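Only one structure is covered here, and it is reproduced in the block below.
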Amino acid sequence: MTDITSRPPLLEVRDLAVEFADADSVVHAVNGVSYTLREGETLGIVGESGSGKSVHVLAMLRLIPMPPGRLAGGQVLFEGRDLLTLSDPELRKIRGGSIGFVFQDPMSSLNPSMTVGRQIMEPLMLHLGMGAEAARKRAIELMDMVRLPDAARRIDQYPHEFSGGQRQRIMIAIGLSCRPKLLIADEATTALDVTVQADVIELVKELKREIGMAVIWITHDLGVVAGIADTVQVMYAGRVMERGPVDDVFRDPRSAYTLGLLRSLPDLTAPAGQRRRLTQIDGAPPDMRFPPPGDPFAPRNRYATPRCLTERPPLEQAPGAAPGHLAAAWYDLPSVLAAEALS
Amino acid sequence: MSQIETGQTENSAEKKPYPLISVRNLSKHYALRSGWGFKPSVFKAVEDVSFEIMPNETLGLVGESGSGKSTIGRAVTMLNPPTSGVVAFEGTDLTQQSERQMRAMRKRMQMVFQDPYSALNPRMTVGDFVAEPLLIHDIAKTAAERKDIVAELFRKVGLEPRYMARFPHQFSGGQRQRICIARAIAVKPSFIVADEPIAALDVSIQAQVVNLLQDLQEELGLAYLFISHDLRMVRYLCHRVAVIWKGRIVEIAPSELLYGNPLHPYTRRLLSAVPVPDPAIERARTRLPQVSGLTEGPDCHALVEAEPGHYVAREALGGGA
């Protein structure tokens with residue numbers, strides 16, 4: 001865990017900006033997101049709907065429809081090559097090959113008129129140049145690996161013959177088929193039952209140990225992040241609000257938004273009847289057609305300073321926090337909380 | 001099921017209040033494809049489920065998709081009446097009521113659903129949507145009266161009354177769920193079935209809705225049947241919890257007993273899978289495998305009182321029990 005920062009970078013996102021335009025307005029969905037993911041690192045990204053967490057990875061893989069989407073700037077270096085400027089054939093070699101991905105909705109991601117076997121075999125034949133027979137053998141192994149029972153028989157079945165949890169496992173088998181260096185999972189387990197989710201997360205962890213892949217795991221579930229991530233990144237209004245080693249961010253949050261998310265969860269340590277009321281974050285996220293000039297969370301933040309409303313805080317090393325624990329905040333959350341506890 | 005009854009007759013010696021709703025041996029079966037070439041068969045979505053909810057109490061129903069928990073919610077409110085069993089609500093067996101009698105009963109029991117996007121009528125102002133049950137149940141005579149009541153309901157759920165004239169698309173998910181809750185409480189029910197009411201909402205908004213449900217319970221004396229797959233929120237919100245597995249209650253107990261001392265292997269497996277937002281705890285814990293080694297027998301599904309108020313299916317207690 002501690003040596004992650006010394007590993008070579010695999011993915012460098014630099015100042016990525018994505019917009020969606022219609023006839024009379026522009027939605028600024030992603031506003032200058034920068035981070036580095038190292039080999040074998042698991043990055044958990046949390047944030048609410050509209051935070052830009054999903055859009056920025058889709059943009060990275062050039063999977064957003066353009067128009068209305070548009071890349072407003074930035075670079076995404078994967079092993080040193082900018083995914084945003086690669087030719088389509090070169091990008092296709094990476095997408096589904098050394099970058100695997102799994103999205104939330106397995107029903108719309110799978111082709112209903114094609115057997116699951118053929119869908120798992122496709123990337124193997126396309127990216128690894130396997131023959132049909134070898135690919136079929138490998139597809140059965142992959143189905144075994146994601147614990148789909150009776151793989152040798154079920155490989156010739158169609159998606160509708162599988163349950164939701166099983167379909168999501170098929171998606172994961174496809175995402176992992178070419179032993180990617182990077183797996184991107186966007187709410188990949190959100191629709192699954194908790195026991196199936198736990199199985200899938202165990203599987204991803206096992207594969208990380210086995211093939212050393214890096215993972216970007218996007219979720220709104222802080223519990224899942226706590227279980228899977230080395231590093232956590234909190235996004236809001238198309239920006240990174242906080243980022244750092246998972247233990248430090250959970251124990252010592254430096255962004256009021258992160259604190260708000262953590263406090264909105266039920267605290268079950270106190271006995272029943274003495275538990276504090278859930279802390280709700282009042283208000284709503286900003287209208288991203290008109291992103292606020294300062295800290296985007298400031299209007300909902302009771303600790304905001306006048307400066308927060310007018311000037312955008314940079315994402316910087318948080319003073320006194322663990323190395324690599326960054327926050328975008330003009331206020332110093334630990335001292336604000338200490339003062340609040342005294343009064 | 002007889003164990004529950006014996007347990008409660010013992011307890012009821014000490015002035016036990018009368019349950020608001022008492023569900024006895026509820027089953028819901030569906031006929032599967034039958035006819036030429038197929039043997040007729042039934043799918044038992046819910047099988048022999050019994051529980052009670054006291055006034056002002058929240059009972060949580062947890063279980064995985066397909067376990068039957070939503071079916072129970074819909075059977076209890078007669079939206080999808082049970083195949084057999086008794087649902088005694090405020091002293092009336094709902095399964096014996098005519099459509100018309102049932103309509104009157106619905107004033108006392110309401111539902112809140114998972115998806116506040118599809119629950120609202122896109123062509124109706126949210127004010128009219130909340131006022132509709134007042135009209136149906138003839139609660140407010142004049143438009144002015146209705147408007148006053150709706151304004152008060154809006155304030156109660158934390159929405160500004162001036163939003164009454166707006167349409168659903170102008171609201172966020174959390175606001176829409178508040179609107180649905182305002183409509184549910186408009187008829188002054190004593191009981192609300194909430195089926196995954198926070199599952200579609202963002203984390204920070206979930207807290208708003210859960211706080212609102214708690215405030216309303218305190219203020220209006222409501223009882224809830226809270227159906228959810230979020231086991232942490234259920235522990236936080238519910239007084240008692242029933243675990244549904246394969247259409248049956250396998251364990252039911254006050255929350256702290258159920259979470260602190262789970263007795264059924266399925267409950268243990270379920271709890272072991274719940275992600276905890278604490279990295280140190282997450283690293284240390286082990287997940288339990290599939291349930292196996294249950295005792296079989298004629299009476300294996302019967303609930304046994306293992307400690308006061310804590311009932312578990314006999315199958316979990318091993319051969320000797």
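Identifiers for the structure tokens are assigned positionally: chains receive A, B, ... in sequence, residues are indexed from 1 per chain, and ligands are indexed from 1 in the order shown.
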Could the residues of chain A that have an atom at most 6 Å from chain B be listed as a tab-separated table, each with its closest atom pair and the distance in Å to one decimal, counting only C-alpha atoms and ordered by chain and ascending residue number?
residue	atom	partner	partner_atom	distance
A:Glu48	CA	B:Asp202	CA	5.9
A:Asp193	CA	B:Glu64	CA	5.8
A:Val194	CA	B:Ala273	CA	5.7
A:Thr195	CA	B:Ala273	CA	5.2
A:Ala198	CA	B:Ala273	CA	5.5
A:Leu222	CA	B:Pro277	CA	5.3
A:Gly223	CA	B:Pro277	CA	3.7
A:Val224	CA	B:Pro275	CA	5.5
A:Ala226	CA	B:Pro279	CA	4.3
A:Gly227	CA	B:Glu282	CA	5.0
A:Asp247	CA	B:Pro279	CA	5.9
A:Ser264	CA	B:Ala207	CA	5.6
A:Leu278	CA	B:Ala207	CA	5.7
A:Gln280	CA	B:Ala207	CA	5.3
A:Ile281	CA	B:Ser204	CA	5.6
- Query: Smallest atom-to-atom distance to Gly175 in chain A: which of A:Leu192, A:Leu63, A:Leu124, A:Leu148, using only C-alpha atoms?
  - Reply: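 Result for the nearest residue to Gly175 in chain A: A:Leu124.
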- So which residues of range 26-217 of chain B fall under strand (DSSP E) by DSSP, listed as an NGL selection string? :B and (26-31 or 42-53 or 58-62 or 84-89 or 92-93 or 109-112 or 191-195)
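Residues within 10 Å of Ser292 in chain B, counting only C-alpha atoms and excluding same-chain residues fewer than 4 positions away, are Pro265, Tyr266 and Ala316 of chain B.
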- Query: What's the 9 Å shell around Leu182 in chain A, counting only C-alpha atoms, without same-chain residues fewer than 2 positions away, as a list in words?
  - Reply: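 Selected residues are Leu10, Leu11, Glu39, Gly40, Ser98, Ile99, Gly100, Phe101, Arg179, Pro180, Ile184, Met213, Ala214, Val215 and Ile216 of chain A.
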Atoms to include: N, CA, C and O atoms. Write the selected residues as an mmCIF file, in the first residue's frame.
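Contents of result_18.cif, as written:
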data_model
loop_
_atom_site.group_PDB
_atom_site.id
_atom_site.type_symbol
_atom_site.label_atom_id
_atom_site.label_comp_id
_atom_site.auth_asym_id
_atom_site.auth_seq_id
_atom_site.Cartn_x
_atom_site.Cartn_y
_atom_site.Cartn_z
ATOM 1 N N LEU A 10 0.531 5.165 -14.775
ATOM 2 C CA LEU A 10 -0.087 4.433 -15.880
ATOM 3 C C LEU A 10 -0.981 5.387 -16.669
ATOM 4 O O LEU A 10 -0.999 5.375 -17.891
ATOM 5 N N LEU A 11 -1.700 6.215 -15.929
ATOM 6 C CA LEU A 11 -2.664 7.110 -16.558
ATOM 7 C C LEU A 11 -2.485 8.499 -15.950
ATOM 8 O O LEU A 11 -2.477 8.645 -14.723
ATOM 9 N N GLU A 39 0.562 2.293 -11.692
ATOM 10 C CA GLU A 39 0.364 0.876 -12.019
ATOM 11 C C GLU A 39 -0.105 0.123 -10.784
ATOM 12 O O GLU A 39 0.458 0.285 -9.712
ATOM 13 N N GLY A 40 -1.117 -0.673 -10.928
ATOM 14 C CA GLY A 40 -1.602 -1.513 -9.833
ATOM 15 C C GLY A 40 -2.404 -0.771 -8.776
ATOM 16 O O GLY A 40 -2.850 -1.369 -7.819
ATOM 17 N N SER A 98 -6.046 -3.105 -23.515
ATOM 18 C CA SER A 98 -5.324 -2.818 -22.267
ATOM 19 C C SER A 98 -6.142 -1.959 -21.307
ATOM 20 O O SER A 98 -5.778 -1.810 -20.150
ATOM 21 N N ILE A 99 -7.232 -1.378 -21.759
ATOM 22 C CA ILE A 99 -8.189 -0.767 -20.825
ATOM 23 C C ILE A 99 -9.520 -1.516 -20.946
ATOM 24 O O ILE A 99 -10.142 -1.512 -22.005
ATOM 25 N N GLY A 100 -9.900 -2.182 -19.874
ATOM 26 C CA GLY A 100 -11.198 -2.852 -19.870
ATOM 27 C C GLY A 100 -12.181 -1.991 -19.121
ATOM 28 O O GLY A 100 -11.786 -1.212 -18.252
ATOM 29 N N PHE A 101 -13.456 -2.091 -19.485
ATOM 30 C CA PHE A 101 -14.412 -1.295 -18.720
ATOM 31 C C PHE A 101 -15.720 -2.033 -18.489
ATOM 32 O O PHE A 101 -16.107 -2.903 -19.264
ATOM 33 N N ARG A 179 -6.909 -9.259 -19.972
ATOM 34 C CA ARG A 179 -5.990 -8.961 -18.867
ATOM 35 C C ARG A 179 -5.534 -7.516 -18.940
ATOM 36 O O ARG A 179 -4.363 -7.220 -19.134
ATOM 37 N N PRO A 180 -6.456 -6.592 -18.776
ATOM 38 C CA PRO A 180 -6.138 -5.184 -18.979
ATOM 39 C C PRO A 180 -5.145 -4.668 -17.940
ATOM 40 O O PRO A 180 -5.032 -5.226 -16.852
ATOM 41 N N ILE A 184 -11.769 -0.006 -15.743
ATOM 42 C CA ILE A 184 -12.617 1.103 -15.311
ATOM 43 C C ILE A 184 -14.014 0.550 -15.044
ATOM 44 O O ILE A 184 -14.627 -0.031 -15.933
ATOM 45 N N MET A 213 -3.363 -5.422 -12.231
ATOM 46 C CA MET A 213 -3.988 -4.312 -12.960
ATOM 47 C C MET A 213 -4.328 -3.148 -12.026
ATOM 48 O O MET A 213 -4.512 -3.320 -10.826
ATOM 49 N N ALA A 214 -4.411 -1.968 -12.632
ATOM 50 C CA ALA A 214 -4.905 -0.798 -11.911
ATOM 51 C C ALA A 214 -6.417 -0.728 -12.117
ATOM 52 O O ALA A 214 -6.937 -1.264 -13.098
ATOM 53 N N VAL A 215 -7.095 -0.075 -11.180
ATOM 54 C CA VAL A 215 -8.552 -0.026 -11.257
ATOM 55 C C VAL A 215 -9.039 1.395 -10.964
ATOM 56 O O VAL A 215 -8.515 2.057 -10.065
ATOM 57 N N ILE A 216 -9.991 1.866 -11.763
ATOM 58 C CA ILE A 216 -10.738 3.065 -11.388
ATOM 59 C C ILE A 216 -12.149 2.588 -11.068
ATOM 60 O O ILE A 216 -12.827 2.028 -11.933
#
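Minimum distance to Val126 in chain B across B:Thr295, B:Thr71, B:Gln170, B:Ser84 (counting only C-alpha atoms) occurs at B:Gln170.
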- Message: Just checking: using only C-alpha atoms, which residue out of A:Leu326, A:Val27, A:Met114, A:Leu261 ends up closest to Val240 in chain A?
- Response: A:Leu326
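The interatomic distance for the pair CA of Asp267 in chain A and CA of Val250 in chain B works out to 26.5 Å.
For the atom pair formed by CA of Tyr224 in chain B and CA of Pro17 in chain B, the distance is 16.6 Å, given to one decimal.
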Exercise: Leu159 in chain B partners within 12 Å, only C-alpha atoms, chain neighbours under 2 positions left out, as a short mmCIF file (atom, residue, chain, number, x, y, z; two decimals) with all heavy atoms, in the first residue's frame:
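So the final result, stored in part17.cif, reads:
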data_model
loop_
_atom_site.label_atom_id
_atom_site.label_comp_id
_atom_site.auth_asym_id
_atom_site.auth_seq_id
_atom_site.Cartn_x
_atom_site.Cartn_y
_atom_site.Cartn_z
N GLY A 283 -29.75 22.12 0.37
CA GLY A 283 -29.52 22.75 -0.93
C GLY A 283 -29.29 21.72 -2.01
O GLY A 283 -29.49 20.52 -1.80
N VAL B 126 -47.64 19.63 -9.14
CA VAL B 126 -47.38 18.83 -7.95
C VAL B 126 -48.40 19.17 -6.85
O VAL B 126 -48.73 18.32 -6.02
CB VAL B 126 -45.93 19.01 -7.46
CG1 VAL B 126 -44.97 18.45 -8.50
CG2 VAL B 126 -45.61 20.44 -7.14
N GLY B 127 -48.92 20.38 -6.88
CA GLY B 127 -49.97 20.75 -5.92
C GLY B 127 -51.22 19.91 -6.13
O GLY B 127 -51.80 19.37 -5.19
N VAL B 150 -52.80 21.58 1.31
CA VAL B 150 -51.62 21.23 0.52
C VAL B 150 -50.44 22.11 0.91
O VAL B 150 -49.30 21.64 1.05
CB VAL B 150 -51.92 21.33 -0.99
CG1 VAL B 150 -50.65 21.15 -1.80
CG2 VAL B 150 -52.94 20.28 -1.40
N ALA B 151 -50.70 23.39 1.13
CA ALA B 151 -49.61 24.29 1.54
C ALA B 151 -49.00 23.81 2.85
O ALA B 151 -47.77 23.79 3.02
CB ALA B 151 -50.15 25.71 1.68
N GLU B 152 -49.87 23.40 3.76
CA GLU B 152 -49.40 22.90 5.06
C GLU B 152 -48.58 21.61 4.87
O GLU B 152 -47.53 21.43 5.48
CB GLU B 152 -50.62 22.67 5.97
CG GLU B 152 -50.32 22.18 7.36
CD GLU B 152 -49.29 23.06 8.09
OE1 GLU B 152 -49.31 24.29 7.85
OE2 GLU B 152 -48.47 22.50 8.85
N LEU B 153 -49.06 20.73 3.97
CA LEU B 153 -48.33 19.49 3.71
C LEU B 153 -46.96 19.79 3.11
O LEU B 153 -45.96 19.16 3.44
CB LEU B 153 -49.13 18.61 2.74
CG LEU B 153 -50.38 17.95 3.34
CD1 LEU B 153 -51.27 17.40 2.23
CD2 LEU B 153 -49.98 16.83 4.30
N PHE B 154 -46.92 20.76 2.20
CA PHE B 154 -45.63 21.14 1.60
C PHE B 154 -44.66 21.59 2.67
O PHE B 154 -43.50 21.19 2.69
CB PHE B 154 -45.84 22.26 0.56
CG PHE B 154 -46.01 21.73 -0.83
CD1 PHE B 154 -47.02 20.84 -1.13
CD2 PHE B 154 -45.16 22.13 -1.86
CE1 PHE B 154 -47.19 20.34 -2.41
CE2 PHE B 154 -45.31 21.63 -3.14
CZ PHE B 154 -46.33 20.74 -3.43
N ARG B 155 -45.16 22.44 3.59
CA ARG B 155 -44.28 22.90 4.66
C ARG B 155 -43.79 21.73 5.50
O ARG B 155 -42.64 21.66 5.89
CB ARG B 155 -45.01 23.93 5.54
CG ARG B 155 -44.87 25.35 5.01
CD ARG B 155 -45.40 26.35 6.02
NE ARG B 155 -46.84 26.32 6.11
CZ ARG B 155 -47.65 27.06 5.32
NH1 ARG B 155 -47.14 27.89 4.43
NH2 ARG B 155 -48.94 26.98 5.44
N LYS B 156 -44.68 20.79 5.75
CA LYS B 156 -44.35 19.64 6.58
C LYS B 156 -43.21 18.81 6.00
O LYS B 156 -42.40 18.27 6.73
CB LYS B 156 -45.59 18.75 6.74
CG LYS B 156 -45.92 18.53 8.19
CD LYS B 156 -47.15 17.70 8.40
CE LYS B 156 -47.81 18.20 9.65
NZ LYS B 156 -49.24 18.19 9.62
N VAL B 157 -43.19 18.67 4.67
CA VAL B 157 -42.14 17.86 4.06
C VAL B 157 -40.96 18.71 3.61
O VAL B 157 -40.07 18.23 2.90
CB VAL B 157 -42.66 17.01 2.89
CG1 VAL B 157 -43.75 16.05 3.36
CG2 VAL B 157 -43.18 17.90 1.76
N PRO B 161 -44.41 26.19 -0.17
CA PRO B 161 -45.75 26.11 -0.76
C PRO B 161 -45.85 26.80 -2.12
O PRO B 161 -46.67 26.41 -2.95
CB PRO B 161 -46.64 26.80 0.27
CG PRO B 161 -45.90 26.66 1.56
CD PRO B 161 -44.45 26.70 1.21
N ARG B 162 -44.99 27.78 -2.38
CA ARG B 162 -45.11 28.46 -3.68
C ARG B 162 -44.74 27.54 -4.87
O ARG B 162 -44.97 27.88 -6.01
CB ARG B 162 -44.29 29.75 -3.70
CG ARG B 162 -42.80 29.53 -3.60
CD ARG B 162 -42.07 30.86 -3.38
NE ARG B 162 -40.71 30.63 -2.97
CZ ARG B 162 -39.71 30.49 -3.84
NH1 ARG B 162 -39.92 30.60 -5.12
NH2 ARG B 162 -38.49 30.25 -3.39
N TYR B 163 -44.15 26.36 -4.56
CA TYR B 163 -43.82 25.42 -5.64
C TYR B 163 -45.03 24.64 -6.13
O TYR B 163 -44.94 23.86 -7.06
CB TYR B 163 -42.77 24.40 -5.17
CG TYR B 163 -41.40 24.96 -4.92
CD1 TYR B 163 -40.45 24.23 -4.20
CD2 TYR B 163 -41.02 26.21 -5.43
CE1 TYR B 163 -39.18 24.74 -3.96
CE2 TYR B 163 -39.76 26.72 -5.19
CZ TYR B 163 -38.84 25.98 -4.45
OH TYR B 163 -37.59 26.47 -4.24
N MET B 164 -46.19 24.82 -5.47
CA MET B 164 -47.38 24.02 -5.76
C MET B 164 -47.78 24.02 -7.23
O MET B 164 -48.28 23.03 -7.74
CB MET B 164 -48.56 24.54 -4.94
CG MET B 164 -48.73 23.83 -3.64
SD MET B 164 -49.74 24.68 -2.43
CE MET B 164 -51.12 25.23 -3.30
N ARG B 166 -45.94 24.17 -9.79
CA ARG B 166 -44.93 23.67 -10.74
C ARG B 166 -45.21 22.22 -11.13
O ARG B 166 -45.98 21.52 -10.51
CB ARG B 166 -43.55 23.76 -10.10
CG ARG B 166 -43.13 25.18 -9.84
CD ARG B 166 -41.66 25.22 -9.52
NE ARG B 166 -41.26 26.59 -9.22
CZ ARG B 166 -40.04 26.91 -8.82
NH1 ARG B 166 -39.12 25.98 -8.67
NH2 ARG B 166 -39.75 28.17 -8.57
N PHE B 171 -38.38 19.47 -10.50
CA PHE B 171 -37.88 19.10 -9.18
C PHE B 171 -36.79 18.03 -9.28
O PHE B 171 -36.79 17.23 -10.22
CB PHE B 171 -39.03 18.56 -8.32
CG PHE B 171 -40.06 19.60 -8.00
CD1 PHE B 171 -41.15 19.80 -8.84
CD2 PHE B 171 -39.93 20.39 -6.87
CE1 PHE B 171 -42.09 20.77 -8.55
CE2 PHE B 171 -40.87 21.36 -6.58
CZ PHE B 171 -41.95 21.56 -7.42
N SER B 172 -35.92 18.03 -8.27
CA SER B 172 -34.88 17.00 -8.21
C SER B 172 -35.48 15.73 -7.62
O SER B 172 -36.62 15.72 -7.14
CB SER B 172 -33.74 17.49 -7.32
OG SER B 172 -34.20 17.60 -5.98
N GLY B 174 -34.82 14.10 -4.86
CA GLY B 174 -35.15 14.20 -3.43
C GLY B 174 -36.43 15.00 -3.21
O GLY B 174 -37.27 14.64 -2.38
N GLN B 175 -36.58 16.07 -3.98
CA GLN B 175 -37.80 16.88 -3.86
C GLN B 175 -39.02 16.09 -4.31
O GLN B 175 -40.09 16.18 -3.71
CB GLN B 175 -37.66 18.15 -4.69
CG GLN B 175 -36.69 19.15 -4.10
CD GLN B 175 -36.44 20.32 -5.05
OE1 GLN B 175 -36.34 20.14 -6.26
NE2 GLN B 175 -36.34 21.52 -4.50
N ARG B 176 -38.85 15.30 -5.37
CA ARG B 176 -39.99 14.49 -5.84
C ARG B 176 -40.41 13.48 -4.79
O ARG B 176 -41.59 13.22 -4.61
CB ARG B 176 -39.60 13.74 -7.11
CG ARG B 176 -39.48 14.65 -8.29
CD ARG B 176 -39.13 13.83 -9.50
NE ARG B 176 -38.47 14.68 -10.45
CZ ARG B 176 -38.51 14.49 -11.76
NH1 ARG B 176 -39.15 13.46 -12.25
NH2 ARG B 176 -37.89 15.32 -12.55
N GLN B 177 -39.41 12.90 -4.11
CA GLN B 177 -39.78 11.92 -3.08
C GLN B 177 -40.53 12.64 -1.95
O GLN B 177 -41.46 12.09 -1.38
CB GLN B 177 -38.53 11.19 -2.58
CG GLN B 177 -38.81 9.89 -1.83
CD GLN B 177 -39.62 8.88 -2.61
OE1 GLN B 177 -40.81 9.08 -2.89
NE2 GLN B 177 -39.00 7.77 -2.98
N ARG B 178 -40.15 13.88 -1.65
CA ARG B 178 -40.89 14.66 -0.64
C ARG B 178 -42.34 14.88 -1.09
O ARG B 178 -43.26 14.84 -0.28
CB ARG B 178 -40.24 16.03 -0.44
CG ARG B 178 -38.95 15.99 0.32
CD ARG B 178 -38.23 17.33 0.18
NE ARG B 178 -36.91 17.19 0.72
CZ ARG B 178 -36.62 17.35 2.00
NH1 ARG B 178 -37.57 17.70 2.85
NH2 ARG B 178 -35.41 17.17 2.44
N ILE B 179 -42.49 15.14 -2.37
CA ILE B 179 -43.84 15.37 -2.91
C ILE B 179 -44.68 14.09 -2.74
O ILE B 179 -45.83 14.13 -2.31
CB ILE B 179 -43.77 15.80 -4.38
CG1 ILE B 179 -43.13 17.20 -4.48
CG2 ILE B 179 -45.15 15.80 -5.03
CD1 ILE B 179 -42.64 17.57 -5.86
N CYS B 180 -44.07 12.94 -3.05
CA CYS B 180 -44.78 11.67 -2.90
C CYS B 180 -45.14 11.43 -1.43
O CYS B 180 -46.23 10.92 -1.13
CB CYS B 180 -43.94 10.50 -3.41
SG CYS B 180 -43.69 10.53 -5.19
N ILE B 181 -44.25 11.81 -0.53
CA ILE B 181 -44.52 11.62 0.89
C ILE B 181 -45.64 12.57 1.33
O ILE B 181 -46.54 12.18 2.09
CB ILE B 181 -43.23 11.82 1.72
CG1 ILE B 181 -42.24 10.69 1.42
CG2 ILE B 181 -43.54 11.87 3.22
CD1 ILE B 181 -40.85 10.90 1.98
N ALA B 182 -45.63 13.79 0.80
CA ALA B 182 -46.70 14.74 1.14
C ALA B 182 -48.05 14.18 0.72
O ALA B 182 -49.04 14.27 1.46
CB ALA B 182 -46.44 16.08 0.45
N GLN B 208 -31.73 13.39 3.94
CA GLN B 208 -32.86 14.31 4.05
C GLN B 208 -34.17 13.53 4.16
O GLN B 208 -35.03 13.85 4.99
CB GLN B 208 -32.95 15.23 2.82
CG GLN B 208 -31.80 16.19 2.66
CD GLN B 208 -31.95 17.06 1.41
OE1 GLN B 208 -32.98 17.02 0.74
NE2 GLN B 208 -30.93 17.83 1.09
N LEU B 212 -36.74 13.12 7.34
CA LEU B 212 -38.15 13.51 7.18
C LEU B 212 -39.07 12.39 7.65
O LEU B 212 -40.05 12.64 8.38
CB LEU B 212 -38.42 13.86 5.71
CG LEU B 212 -39.88 14.15 5.36
CD1 LEU B 212 -40.37 15.40 6.08
CD2 LEU B 212 -40.06 14.31 3.85
#
- Message: Neighbouring residues of range 165-168 of chain A were defined as those with any atom within 12 Å, considering only C-alpha atoms; residues of the same chain fewer than 3 positions away were excluded. Please report them as a PyMOL selection string.
- Response: (chain A and resi 101-112+115-116+119-120+143-144+146-149+151+154+157-162+171-175+185-200) or (chain B and resi 64-66)
Residues from the last selection, C-alpha atoms, saved as a short mmCIF file (atom, residue, chain, number, x, y, z; two decimals), in the first residue's frame:
data_model
loop_
_atom_site.label_atom_id
_atom_site.label_comp_id
_atom_site.auth_asym_id
_atom_site.auth_seq_id
_atom_site.Cartn_x
_atom_site.Cartn_y
_atom_site.Cartn_z
CA PHE A 101 -14.41 -1.29 -18.72
CA VAL A 102 -17.64 -2.30 -17.01
CA PHE A 103 -20.64 -0.04 -16.83
CA GLN A 104 -23.67 -0.07 -14.61
CA ASP A 105 -26.36 -1.43 -16.84
CA PRO A 106 -25.55 -4.92 -18.10
CA MET A 107 -28.79 -5.21 -20.02
CA SER A 108 -28.05 -2.35 -22.36
CA SER A 109 -24.33 -3.08 -22.60
CA LEU A 110 -24.75 -6.64 -23.86
CA ASN A 111 -25.98 -7.45 -27.32
CA PRO A 112 -29.26 -9.35 -26.88
CA THR A 115 -24.58 -15.48 -27.34
CA VAL A 116 -22.60 -14.42 -24.30
CA GLN A 119 -19.41 -11.49 -26.80
CA ILE A 120 -16.65 -12.64 -24.48
CA MET A 143 -16.87 -17.46 -17.01
CA ASP A 144 -15.54 -19.89 -14.42
CA VAL A 146 -16.41 -14.80 -12.46
CA ARG A 147 -18.19 -17.80 -10.96
CA LEU A 148 -20.83 -18.32 -13.56
CA PRO A 149 -21.85 -21.91 -12.97
CA ALA A 151 -19.84 -22.29 -18.11
CA ARG A 154 -24.07 -21.73 -20.72
CA GLN A 157 -26.89 -19.00 -24.14
CA TYR A 158 -28.17 -15.50 -24.74
CA PRO A 159 -28.12 -12.60 -22.25
CA HIS A 160 -31.82 -12.90 -21.42
CA GLU A 161 -31.18 -16.38 -20.05
CA PHE A 162 -29.06 -14.94 -17.25
CA MET A 171 -19.72 -7.77 -18.35
CA ILE A 172 -16.92 -8.12 -15.85
CA ALA A 173 -15.60 -11.19 -17.68
CA ILE A 174 -15.56 -9.15 -20.89
CA GLY A 175 -13.90 -6.21 -19.13
CA ALA A 185 -15.80 0.17 -13.45
CA ASP A 186 -18.61 2.70 -13.32
CA GLU A 187 -21.22 1.74 -10.68
CA ALA A 188 -20.50 -1.82 -11.77
CA THR A 189 -22.04 -3.40 -8.67
CA THR A 190 -24.68 -0.80 -7.80
CA ALA A 191 -27.58 -2.80 -9.21
CA LEU A 192 -26.42 -6.05 -7.63
CA ASP A 193 -27.43 -7.61 -4.34
CA VAL A 194 -24.95 -7.04 -1.54
CA THR A 195 -23.79 -10.65 -1.48
CA VAL A 196 -23.16 -10.63 -5.24
CA GLN A 197 -21.46 -7.26 -4.92
CA ALA A 198 -19.17 -8.68 -2.25
CA ASP A 199 -18.29 -11.61 -4.54
CA VAL A 200 -17.52 -9.30 -7.47
CA GLU B 64 -32.18 -9.64 -1.76
CA SER B 65 -33.90 -9.03 -5.05
CA GLY B 66 -36.43 -11.76 -5.66
#
